[in-house]
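Dumped input.txt below, it's compact mmCIF, C-alpha atoms:
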```txt
# COMPACT_ATOMS: atom_id res chain seq x y z
CA MET A 1 -16.72 0.13 -7.86
CA SER A 2 -17.99 -2.77 -5.80
CA LYS A 3 -15.69 -3.76 -2.97
CA GLN A 4 -16.38 -7.43 -3.67
CA HIS A 5 -15.82 -7.37 -7.43
CA LEU A 6 -12.54 -9.17 -8.11
CA THR A 7 -11.44 -10.56 -11.46
CA GLY A 8 -8.45 -12.62 -10.33
CA ASN A 9 -6.42 -10.97 -13.10
CA GLU A 10 -3.09 -9.43 -12.18
CA ARG A 11 -1.93 -6.15 -13.69
CA PHE A 12 1.73 -5.23 -14.09
CA PHE A 13 3.78 -2.12 -14.66
CA ASP A 14 7.33 -1.65 -15.88
CA LYS A 15 10.27 -1.90 -13.49
CA ASP A 16 11.33 1.60 -14.59
CA GLU A 17 7.96 3.11 -13.64
CA ILE A 18 6.98 4.53 -10.26
CA ILE A 19 3.42 4.87 -9.00
CA VAL A 20 3.14 8.11 -7.00
CA SER A 21 0.42 9.53 -4.81
CA LYS A 22 0.08 12.19 -2.14
CA THR A 23 -2.62 12.31 0.50
CA ASP A 24 -3.80 14.63 3.23
CA LEU A 25 -3.53 13.64 6.90
CA LYS A 26 -6.69 11.52 6.68
CA GLY A 27 -5.48 9.58 3.63
CA HIS A 28 -7.56 11.39 1.00
CA ILE A 29 -5.78 11.50 -2.34
CA GLN A 30 -4.49 14.94 -3.32
CA TYR A 31 -2.27 13.85 -6.23
CA ALA A 32 -1.92 10.74 -8.40
CA ASN A 33 0.55 10.41 -11.25
CA ARG A 34 -0.28 9.01 -14.68
CA THR A 35 1.23 5.61 -13.87
CA PHE A 36 -1.05 5.34 -10.82
CA MET A 37 -4.09 6.12 -12.96
CA ARG A 38 -3.08 3.82 -15.82
CA VAL A 39 -2.25 0.79 -13.66
CA GLY A 40 -5.27 1.29 -11.40
CA LEU A 41 -7.61 2.12 -14.31
CA PHE A 42 -8.81 5.31 -12.60
CA GLU A 43 -9.51 8.77 -13.95
CA GLU A 44 -8.04 11.68 -12.00
CA LYS A 45 -11.53 12.96 -11.09
CA GLU A 46 -12.31 9.56 -9.50
CA LEU A 47 -9.24 9.77 -7.27
CA ILE A 48 -8.76 13.34 -6.08
CA GLY A 49 -10.39 13.77 -2.67
CA THR A 50 -11.15 10.07 -2.40
CA PRO A 51 -9.76 7.95 0.47
CA HIS A 52 -6.64 6.02 -0.61
CA SER A 53 -8.47 2.95 0.67
CA ILE A 54 -10.35 2.92 -2.67
CA LEU A 55 -7.44 0.66 -3.70
CA ARG A 56 -7.84 -1.71 -0.75
CA HIS A 57 -7.82 -5.30 -1.90
CA PRO A 58 -9.75 -7.62 0.45
CA ASP A 59 -6.77 -10.04 0.61
CA MET A 60 -4.54 -7.32 2.09
CA PRO A 61 -4.12 -7.81 5.85
CA ARG A 62 -5.44 -4.87 7.87
CA SER A 63 -2.60 -5.46 10.33
CA VAL A 64 -0.07 -4.30 7.73
CA PHE A 65 -2.03 -1.06 7.29
CA LYS A 66 -2.09 -0.66 11.07
CA LEU A 67 1.68 -0.97 11.09
CA LEU A 68 1.92 1.53 8.23
CA TRP A 69 -0.31 4.12 9.92
CA ASP A 70 1.45 3.68 13.28
CA GLN A 71 4.80 4.36 11.58
CA ILE A 72 3.87 7.33 9.39
CA GLN A 73 1.74 9.03 12.04
CA GLY A 74 4.82 8.74 14.26
CA GLY A 75 6.80 10.68 11.66
CA LYS A 76 8.64 7.63 10.29
CA GLU A 77 8.80 6.20 6.79
CA LEU A 78 7.81 2.66 5.92
CA PHE A 79 8.46 0.19 3.12
CA ALA A 80 5.72 -2.41 2.64
CA TYR A 81 4.46 -4.89 0.09
CA VAL A 82 0.86 -4.12 -0.83
CA VAL A 83 -1.68 -5.74 -3.10
CA ASN A 84 -4.03 -3.14 -4.58
CA ARG A 85 -7.29 -3.44 -6.48
CA ALA A 86 -7.76 -1.67 -9.81
CA ALA A 87 -11.07 -0.03 -10.72
CA ASN A 88 -12.14 -3.06 -12.78
CA GLY A 89 -11.40 -5.60 -9.99
CA ASP A 90 -7.94 -6.65 -11.25
CA HIS A 91 -5.11 -6.58 -8.70
CA TYR A 92 -1.49 -5.48 -8.73
CA TRP A 93 1.37 -5.79 -6.27
CA VAL A 94 3.69 -2.97 -5.27
CA LEU A 95 6.62 -2.33 -2.97
CA ALA A 96 5.48 0.91 -1.37
CA HIS A 97 7.64 3.54 0.29
CA VAL A 98 5.42 5.81 2.37
CA THR A 99 6.69 8.96 4.08
CA PRO A 100 5.17 11.89 5.93
CA SER A 101 5.16 15.23 4.04
CA TYR A 102 5.98 18.42 5.93
CA ASP A 103 4.97 22.05 5.59
CA VAL A 104 7.48 24.93 5.83
CA SER A 105 7.07 24.99 9.64
CA GLY A 106 8.03 21.32 9.93
CA ASN A 107 4.52 20.05 10.65
CA VAL A 108 3.25 16.87 8.98
CA ASN A 109 0.64 17.95 6.42
CA GLY A 110 0.12 14.71 4.52
CA TYR A 111 1.78 11.59 3.17
CA HIS A 112 3.69 10.70 0.02
CA SER A 113 4.00 7.24 -1.48
CA ASN A 114 6.24 5.90 -4.24
CA ARG A 115 5.48 2.37 -5.38
CA ARG A 116 7.82 0.18 -7.38
CA VAL A 117 7.57 -3.23 -9.01
CA PRO A 118 8.17 -5.91 -6.36
CA SER A 119 10.19 -9.09 -6.79
CA GLN A 120 7.85 -11.87 -7.93
CA ARG A 121 10.02 -14.40 -6.12
CA THR A 122 9.78 -12.48 -2.83
CA LEU A 123 6.02 -12.22 -3.27
CA SER A 124 5.50 -15.92 -3.94
CA GLU A 125 7.99 -17.27 -1.39
CA VAL A 126 7.51 -14.87 1.53
CA ILE A 127 4.91 -12.13 1.27
CA ILE A 128 1.87 -13.96 -0.09
CA PRO A 129 2.15 -16.88 2.39
CA THR A 130 2.71 -14.46 5.27
CA TYR A 131 -0.21 -12.26 4.26
CA ARG A 132 -2.48 -15.30 3.87
CA GLU A 133 -1.67 -16.31 7.44
CA LEU A 134 -2.26 -12.77 8.72
CA LYS A 135 -5.63 -12.65 6.90
CA ARG A 136 -6.57 -16.08 8.25
CA ILE A 137 -5.96 -14.79 11.78
CA GLU A 138 -7.93 -11.61 11.10
CA ASP A 139 -10.85 -13.51 9.63
CA SER A 140 -10.95 -16.02 12.52
CA HIS A 141 -12.27 -13.35 14.90
CA SER A 142 -15.86 -12.14 15.03
CA SER A 143 -14.67 -8.60 15.70
CA ARG A 144 -12.69 -6.92 12.89
CA LYS A 145 -10.72 -4.91 15.45
CA ASP A 146 -9.86 -8.00 17.52
CA GLY A 147 -8.84 -9.82 14.34
CA MET A 148 -6.61 -6.97 13.23
CA ASN A 149 -4.99 -6.73 16.67
CA ALA A 150 -4.39 -10.50 16.81
CA SER A 151 -2.91 -10.46 13.32
CA HIS A 152 -0.74 -7.46 14.20
CA GLN A 153 0.55 -9.24 17.30
CA HIS A 154 1.29 -12.34 15.19
CA LEU A 155 3.30 -10.18 12.80
CA LEU A 156 5.24 -8.63 15.69
CA ASN A 157 5.90 -12.13 17.08
CA LEU A 158 7.23 -13.29 13.69
CA LEU A 159 9.58 -10.33 13.58
CA ASP A 160 10.68 -10.96 17.17
CA GLU A 161 11.46 -14.60 16.29
CA LYS A 162 13.62 -13.35 13.42
CA GLY A 163 15.26 -10.83 15.73
CA SER A 164 14.45 -7.98 13.37
CA THR A 165 12.31 -4.92 13.01
CA TYR A 166 9.77 -4.69 10.22
CA ASP A 167 12.09 -2.44 8.20
CA GLU A 168 15.02 -4.85 8.63
CA PHE A 169 12.80 -7.73 7.53
CA ILE A 170 11.68 -5.88 4.37
CA PHE A 171 15.22 -4.76 3.50
CA ALA A 172 16.54 -8.31 3.97
CA LEU A 173 14.05 -9.45 1.32
CA GLN A 174 15.64 -7.02 -1.15
CA SER A 175 19.13 -8.51 -0.79
```
Translate the structure described by the file into structure tokens.
Amino acid sequence: MSKQHLTGNERFFDKDEIIVSKTDLKGHIQYANRTFMRVGLFEEKELIGTPHSILRHPDMPRSVFKLLWDQIQGGKELFAYVVNRAANGDHYWVLAHVTPSYDVSGNVNGYHSNRRVPSQRTLSEVIIPTYRELKRIEDSHSSRKDGMNASHQHLLNLLDEKGSTYDEFIFALQS
């Protein structure tokens, strides 16, 4: 699948469905449920062992993934809106809940993600405009790392202005 191939077509799944995946500590897919494969147009053999970033849509701000990795590697869960890319270049939005998975000794041995249908209103009124601004900031830097860090700082500043944490901000959108 070409990273640049995008169709502009949006895919949807039912509000009663959940997209599920499990990864190892490096983000390589260990499990994907049927809904994941159907919505993303992937076969199981294409996914297992592959980095979860195979879904990365180029419009998704890297700063949000930085926030996600910082949280889950710190042993915390995170809720985040994510736009993913299907195998054919279509895209689909999810509200992801990502948590660390633990072995019997209490050590983190991977990550688990459940993704639900997001509110279209929340996407259009809040998330898409915010993500466009974060991507604009990222793309305005010649260094990808500098762009991601500047975008991440912008996101933290937005949250600070609202007087909320990222989790509080996301949960407020659900009310």
Write out as JSON lines a residue-level contact list of region 80-145 of chain A versus region 7-31 of chain A with cut-off 7 Å: for each qualifying residue the closest pair of atoms and the distance in Å to one decimal, counting only C-alpha atoms, rows sorted by chain and residue number upward.
```
{"residue": "A:Gly89", "atom": "CA", "partner": "A:Thr7", "partner_atom": "CA", "distance": 5.2}
{"residue": "A:Asp90", "atom": "CA", "partner": "A:Asn9", "partner_atom": "CA", "distance": 4.9}
{"residue": "A:His91", "atom": "CA", "partner": "A:Glu10", "partner_atom": "CA", "distance": 4.9}
{"residue": "A:Tyr92", "atom": "CA", "partner": "A:Arg11", "partner_atom": "CA", "distance": 5.0}
{"residue": "A:Asn109", "atom": "CA", "partner": "A:Leu25", "partner_atom": "CA", "distance": 6.0}
{"residue": "A:Gly110", "atom": "CA", "partner": "A:Asp24", "partner_atom": "CA", "distance": 4.1}
{"residue": "A:Tyr111", "atom": "CA", "partner": "A:Thr23", "partner_atom": "CA", "distance": 5.2}
{"residue": "A:His112", "atom": "CA", "partner": "A:Lys22", "partner_atom": "CA", "distance": 4.5}
{"residue": "A:Ser113", "atom": "CA", "partner": "A:Ser21", "partner_atom": "CA", "distance": 5.4}
{"residue": "A:Asn114", "atom": "CA", "partner": "A:Val20", "partner_atom": "CA", "distance": 4.7}
{"residue": "A:Arg115", "atom": "CA", "partner": "A:Ile19", "partner_atom": "CA", "distance": 4.9}
{"residue": "A:Arg116", "atom": "CA", "partner": "A:Ile18", "partner_atom": "CA", "distance": 5.3}
{"residue": "A:Val117", "atom": "CA", "partner": "A:Lys15", "partner_atom": "CA", "distance": 5.4}
```
Can I get the selection written as a CSV table (one decimal), keeping the file's coordinate frame, with C-alpha atoms?
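Output below, filename again_7.csv:
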```csv
chain,number,residue,atom,x,y,z
A,89,GLY,CA,-11.4,-5.6,-10.0
A,90,ASP,CA,-7.9,-6.6,-11.2
A,91,HIS,CA,-5.1,-6.6,-8.7
A,92,TYR,CA,-1.5,-5.5,-8.7
A,109,ASN,CA,0.6,18.0,6.4
A,110,GLY,CA,0.1,14.7,4.5
A,111,TYR,CA,1.8,11.6,3.2
A,112,HIS,CA,3.7,10.7,0.0
A,113,SER,CA,4.0,7.2,-1.5
A,114,ASN,CA,6.2,5.9,-4.2
A,115,ARG,CA,5.5,2.4,-5.4
A,116,ARG,CA,7.8,0.2,-7.4
A,117,VAL,CA,7.6,-3.2,-9.0
```
Would you list the contacts of Tyr166 (chain A) as a list in words, taking every protein, DNA or RNA residue within 9 Å and counting all atoms listed in the file, but skipping same-chain residues closer than 4 positions in sequence?
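With the cut-off at 9 Å, the set is Leu67, Leu78, Phe79, Ala80, Leu155, Leu156, Leu159, Ile170 and Phe171 of chain A.
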Take CA of Ser53 (chain A) and CA of Ile72 (chain A) and report the distance between them in Å, one decimal.
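Straight-line distance from CA of Ser53 (chain A) to CA of Ile72 (chain A) works out to 15.7 Å.
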When you draw a straight line from CA of Leu55 (chain A) to CA of Ala86 (chain A), how long is it in Å?
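Interatomic distance here is 6.5 Å.
A straight line drawn from CA of Asn84 (chain A) to CA of Glu168 (chain A) is 23.2 Å long.
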Find, counting all atoms listed in the file, the residue in A:Ala87, A:Lys135, A:Asp160, A:Phe65 that gets nearest to Glu43 (chain A).
A:Ala87
Output, as lines of an AutoDock Vina configuration file, the centre and edge lengths in Å (one decimal) of the axis-aligned box that contains all listed atoms of region 56-62 of chain A with 4 Å of margin on each side.
```
center_x = -6.9
center_y = -5.9
center_z = 3.0
size_x = 13.6
size_y = 16.3
size_z = 17.8
```
Determine, counting all atoms listed in the file, which protein, DNA and RNA residues have an atom within 8 Å of an atom of Glu138 (chain A); residues of the same chain fewer than 5 positions away are not included. Present the result as a ChimeraX atom specification.
/A:61-62,144,146-151
Which one is closest to Tyr81 (chain A): A:Val108, A:Asn157, A:Val39, A:Phe169? Count all atoms listed in the file.
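Smallest distance to Tyr81 (chain A) is found for A:Phe169.
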Pull out region 101-151 of chain A, keep N, CA and C atoms, and write it as a PDB file, in the first residue's frame.
```pdb
ATOM      1  N   SER A 101      -1.282  -3.426  28.274  1.00  0.00           N
ATOM      2  CA  SER A 101      -1.631  -4.792  28.676  1.00  0.00           C
ATOM      3  C   SER A 101      -0.521  -5.278  29.599  1.00  0.00           C
ATOM      4  N   TYR A 102      -0.891  -6.119  30.565  1.00  0.00           N
ATOM      5  CA  TYR A 102       0.074  -6.569  31.565  1.00  0.00           C
ATOM      6  C   TYR A 102       0.179  -8.085  31.584  1.00  0.00           C
ATOM      7  N   ASP A 103       1.382  -8.587  31.889  1.00  0.00           N
ATOM      8  CA  ASP A 103       1.552 -10.021  32.072  1.00  0.00           C
ATOM      9  C   ASP A 103       1.198 -10.381  33.520  1.00  0.00           C
ATOM     10  N   VAL A 104       1.315 -11.656  33.884  1.00  0.00           N
ATOM     11  CA  VAL A 104       0.912 -12.101  35.217  1.00  0.00           C
ATOM     12  C   VAL A 104       1.776 -11.510  36.328  1.00  0.00           C
ATOM     13  N   SER A 105       2.970 -11.013  35.979  1.00  0.00           N
ATOM     14  CA  SER A 105       3.855 -10.390  36.976  1.00  0.00           C
ATOM     15  C   SER A 105       3.614  -8.893  37.111  1.00  0.00           C
ATOM     16  N   GLY A 106       2.671  -8.360  36.320  1.00  0.00           N
ATOM     17  CA  GLY A 106       2.366  -6.938  36.385  1.00  0.00           C
ATOM     18  C   GLY A 106       3.227  -6.068  35.492  1.00  0.00           C
ATOM     19  N   ASN A 107       3.969  -6.679  34.585  1.00  0.00           N
ATOM     20  CA  ASN A 107       4.797  -5.921  33.643  1.00  0.00           C
ATOM     21  C   ASN A 107       4.006  -5.645  32.366  1.00  0.00           C
ATOM     22  N   VAL A 108       4.186  -4.441  31.813  1.00  0.00           N
ATOM     23  CA  VAL A 108       3.535  -4.110  30.546  1.00  0.00           C
ATOM     24  C   VAL A 108       4.146  -5.001  29.462  1.00  0.00           C
ATOM     25  N   ASN A 109       3.275  -5.706  28.723  1.00  0.00           N
ATOM     26  CA  ASN A 109       3.769  -6.584  27.659  1.00  0.00           C
ATOM     27  C   ASN A 109       3.171  -6.251  26.297  1.00  0.00           C
ATOM     28  N   GLY A 110       2.437  -5.158  26.232  1.00  0.00           N
ATOM     29  CA  GLY A 110       1.848  -4.736  24.968  1.00  0.00           C
ATOM     30  C   GLY A 110       0.768  -3.713  25.207  1.00  0.00           C
ATOM     31  N   TYR A 111      -0.032  -3.470  24.171  1.00  0.00           N
ATOM     32  CA  TYR A 111      -1.087  -2.458  24.250  1.00  0.00           C
ATOM     33  C   TYR A 111      -2.350  -2.997  23.597  1.00  0.00           C
ATOM     34  N   HIS A 112      -3.470  -2.513  24.088  1.00  0.00           N
ATOM     35  CA  HIS A 112      -4.788  -2.949  23.632  1.00  0.00           C
ATOM     36  C   HIS A 112      -5.569  -1.701  23.240  1.00  0.00           C
ATOM     37  N   SER A 113      -6.252  -1.764  22.124  1.00  0.00           N
ATOM     38  CA  SER A 113      -7.041  -0.612  21.687  1.00  0.00           C
ATOM     39  C   SER A 113      -8.427  -1.050  21.246  1.00  0.00           C
ATOM     40  N   ASN A 114      -9.436  -0.351  21.788  1.00  0.00           N
ATOM     41  CA  ASN A 114     -10.824  -0.481  21.347  1.00  0.00           C
ATOM     42  C   ASN A 114     -11.184   0.823  20.668  1.00  0.00           C
ATOM     43  N   ARG A 115     -11.766   0.741  19.485  1.00  0.00           N
ATOM     44  CA  ARG A 115     -12.152   1.950  18.767  1.00  0.00           C
ATOM     45  C   ARG A 115     -13.634   1.917  18.457  1.00  0.00           C
ATOM     46  N   ARG A 116     -14.277   3.043  18.781  1.00  0.00           N
ATOM     47  CA  ARG A 116     -15.713   3.191  18.572  1.00  0.00           C
ATOM     48  C   ARG A 116     -15.986   4.279  17.537  1.00  0.00           C
ATOM     49  N   VAL A 117     -17.245   4.318  17.099  1.00  0.00           N
ATOM     50  CA  VAL A 117     -17.684   5.355  16.164  1.00  0.00           C
ATOM     51  C   VAL A 117     -17.674   6.705  16.894  1.00  0.00           C
ATOM     52  N   PRO A 118     -17.011   7.705  16.334  1.00  0.00           N
ATOM     53  CA  PRO A 118     -16.996   9.023  16.966  1.00  0.00           C
ATOM     54  C   PRO A 118     -18.210   9.851  16.562  1.00  0.00           C
ATOM     55  N   SER A 119     -18.474  10.884  17.316  1.00  0.00           N
ATOM     56  CA  SER A 119     -19.538  11.829  16.977  1.00  0.00           C
ATOM     57  C   SER A 119     -19.105  12.651  15.765  1.00  0.00           C
ATOM     58  N   GLN A 120     -19.928  12.634  14.717  1.00  0.00           N
ATOM     59  CA  GLN A 120     -19.610  13.421  13.516  1.00  0.00           C
ATOM     60  C   GLN A 120     -19.583  14.918  13.831  1.00  0.00           C
ATOM     61  N   ARG A 121     -20.468  15.346  14.713  1.00  0.00           N
ATOM     62  CA  ARG A 121     -20.504  16.754  15.099  1.00  0.00           C
ATOM     63  C   ARG A 121     -19.206  17.165  15.807  1.00  0.00           C
ATOM     64  N   THR A 122     -18.749  16.334  16.737  1.00  0.00           N
ATOM     65  CA  THR A 122     -17.493  16.617  17.440  1.00  0.00           C
ATOM     66  C   THR A 122     -16.331  16.654  16.458  1.00  0.00           C
ATOM     67  N   LEU A 123     -16.320  15.723  15.516  1.00  0.00           N
ATOM     68  CA  LEU A 123     -15.265  15.724  14.504  1.00  0.00           C
ATOM     69  C   LEU A 123     -15.255  17.024  13.724  1.00  0.00           C
ATOM     70  N   SER A 124     -16.412  17.399  13.174  1.00  0.00           N
ATOM     71  CA  SER A 124     -16.463  18.566  12.289  1.00  0.00           C
ATOM     72  C   SER A 124     -16.271  19.889  13.025  1.00  0.00           C
ATOM     73  N   GLU A 125     -16.768  19.981  14.259  1.00  0.00           N
ATOM     74  CA  GLU A 125     -16.699  21.256  14.976  1.00  0.00           C
ATOM     75  C   GLU A 125     -15.409  21.445  15.775  1.00  0.00           C
ATOM     76  N   VAL A 126     -14.814  20.355  16.239  1.00  0.00           N
ATOM     77  CA  VAL A 126     -13.658  20.503  17.133  1.00  0.00           C
ATOM     78  C   VAL A 126     -12.414  19.773  16.622  1.00  0.00           C
ATOM     79  N   ILE A 127     -12.528  18.487  16.401  1.00  0.00           N
ATOM     80  CA  ILE A 127     -11.344  17.671  16.139  1.00  0.00           C
ATOM     81  C   ILE A 127     -10.686  18.002  14.801  1.00  0.00           C
ATOM     82  N   ILE A 128     -11.431  18.005  13.733  1.00  0.00           N
ATOM     83  CA  ILE A 128     -10.827  18.249  12.414  1.00  0.00           C
ATOM     84  C   ILE A 128     -10.171  19.625  12.349  1.00  0.00           C
ATOM     85  N   PRO A 129     -10.830  20.708  12.805  1.00  0.00           N
ATOM     86  CA  PRO A 129     -10.131  22.002  12.789  1.00  0.00           C
ATOM     87  C   PRO A 129      -8.878  22.027  13.668  1.00  0.00           C
ATOM     88  N   THR A 130      -8.950  21.388  14.823  1.00  0.00           N
ATOM     89  CA  THR A 130      -7.786  21.341  15.715  1.00  0.00           C
ATOM     90  C   THR A 130      -6.655  20.551  15.075  1.00  0.00           C
ATOM     91  N   TYR A 131      -6.976  19.405  14.494  1.00  0.00           N
ATOM     92  CA  TYR A 131      -5.941  18.586  13.863  1.00  0.00           C
ATOM     93  C   TYR A 131      -5.348  19.282  12.643  1.00  0.00           C
ATOM     94  N   ARG A 132      -6.141  20.017  11.904  1.00  0.00           N
ATOM     95  CA  ARG A 132      -5.603  20.768  10.756  1.00  0.00           C
ATOM     96  C   ARG A 132      -4.571  21.789  11.226  1.00  0.00           C
ATOM     97  N   GLU A 133      -4.880  22.462  12.328  1.00  0.00           N
ATOM     98  CA  GLU A 133      -3.939  23.442  12.868  1.00  0.00           C
ATOM     99  C   GLU A 133      -2.668  22.758  13.366  1.00  0.00           C
ATOM    100  N   LEU A 134      -2.803  21.637  14.047  1.00  0.00           N
ATOM    101  CA  LEU A 134      -1.631  20.904  14.520  1.00  0.00           C
ATOM    102  C   LEU A 134      -0.768  20.439  13.344  1.00  0.00           C
ATOM    103  N   LYS A 135      -1.403  19.943  12.282  1.00  0.00           N
ATOM    104  CA  LYS A 135      -0.665  19.515  11.083  1.00  0.00           C
ATOM    105  C   LYS A 135      -0.005  20.695  10.390  1.00  0.00           C
ATOM    106  N   ARG A 136      -0.681  21.838  10.348  1.00  0.00           N
ATOM    107  CA  ARG A 136      -0.093  23.036   9.737  1.00  0.00           C
ATOM    108  C   ARG A 136       1.196  23.402  10.467  1.00  0.00           C
ATOM    109  N   ILE A 137       1.149  23.363  11.793  1.00  0.00           N
ATOM    110  CA  ILE A 137       2.339  23.669  12.589  1.00  0.00           C
ATOM    111  C   ILE A 137       3.439  22.649  12.309  1.00  0.00           C
ATOM    112  N   GLU A 138       3.090  21.374  12.302  1.00  0.00           N
ATOM    113  CA  GLU A 138       4.081  20.332  12.028  1.00  0.00           C
ATOM    114  C   GLU A 138       4.735  20.535  10.663  1.00  0.00           C
ATOM    115  N   ASP A 139       3.917  20.814   9.669  1.00  0.00           N
ATOM    116  CA  ASP A 139       4.412  20.934   8.300  1.00  0.00           C
ATOM    117  C   ASP A 139       5.179  22.231   8.045  1.00  0.00           C
ATOM    118  N   SER A 140       5.084  23.193   8.962  1.00  0.00           N
ATOM    119  CA  SER A 140       5.768  24.475   8.775  1.00  0.00           C
ATOM    120  C   SER A 140       7.243  24.418   9.184  1.00  0.00           C
ATOM    121  N   HIS A 141       7.677  23.292   9.709  1.00  0.00           N
ATOM    122  CA  HIS A 141       9.067  23.127  10.126  1.00  0.00           C
ATOM    123  C   HIS A 141       9.810  22.230   9.142  1.00  0.00           C
ATOM    124  N   SER A 142      11.076  22.531   8.914  1.00  0.00           N
ATOM    125  CA  SER A 142      11.858  21.700   7.994  1.00  0.00           C
ATOM    126  C   SER A 142      12.218  20.357   8.626  1.00  0.00           C
ATOM    127  N   SER A 143      12.286  20.314   9.936  1.00  0.00           N
ATOM    128  CA  SER A 143      12.574  19.077  10.653  1.00  0.00           C
ATOM    129  C   SER A 143      11.266  18.474  11.156  1.00  0.00           C
ATOM    130  N   ARG A 144      11.040  17.198  10.831  1.00  0.00           N
ATOM    131  CA  ARG A 144       9.810  16.522  11.290  1.00  0.00           C
ATOM    132  C   ARG A 144       9.729  16.513  12.810  1.00  0.00           C
ATOM    133  N   LYS A 145      10.867  16.281  13.461  1.00  0.00           N
ATOM    134  CA  LYS A 145      10.889  16.232  14.925  1.00  0.00           C
ATOM    135  C   LYS A 145      10.563  17.602  15.512  1.00  0.00           C
ATOM    136  N   ASP A 146      11.162  18.661  14.958  1.00  0.00           N
ATOM    137  CA  ASP A 146      10.871  20.010  15.446  1.00  0.00           C
ATOM    138  C   ASP A 146       9.404  20.359  15.228  1.00  0.00           C
ATOM    139  N   GLY A 147       8.859  19.958  14.076  1.00  0.00           N
ATOM    140  CA  GLY A 147       7.453  20.211  13.789  1.00  0.00           C
ATOM    141  C   GLY A 147       6.537  19.492  14.761  1.00  0.00           C
ATOM    142  N   MET A 148       6.855  18.225  15.047  1.00  0.00           N
ATOM    143  CA  MET A 148       6.044  17.469  15.988  1.00  0.00           C
ATOM    144  C   MET A 148       6.112  18.101  17.376  1.00  0.00           C
ATOM    145  N   ASN A 149       7.311  18.487  17.798  1.00  0.00           N
ATOM    146  CA  ASN A 149       7.458  19.096  19.125  1.00  0.00           C
ATOM    147  C   ASN A 149       6.727  20.430  19.218  1.00  0.00           C
ATOM    148  N   ALA A 150       6.779  21.237  18.167  1.00  0.00           N
ATOM    149  CA  ALA A 150       6.070  22.524  18.159  1.00  0.00           C
ATOM    150  C   ALA A 150       4.558  22.301  18.192  1.00  0.00           C
ATOM    151  N   SER A 151       4.094  21.329  17.439  1.00  0.00           N
ATOM    152  CA  SER A 151       2.670  21.000  17.413  1.00  0.00           C
ATOM    153  C   SER A 151       2.222  20.469  18.771  1.00  0.00           C
TER     154      SER A 151
END
```
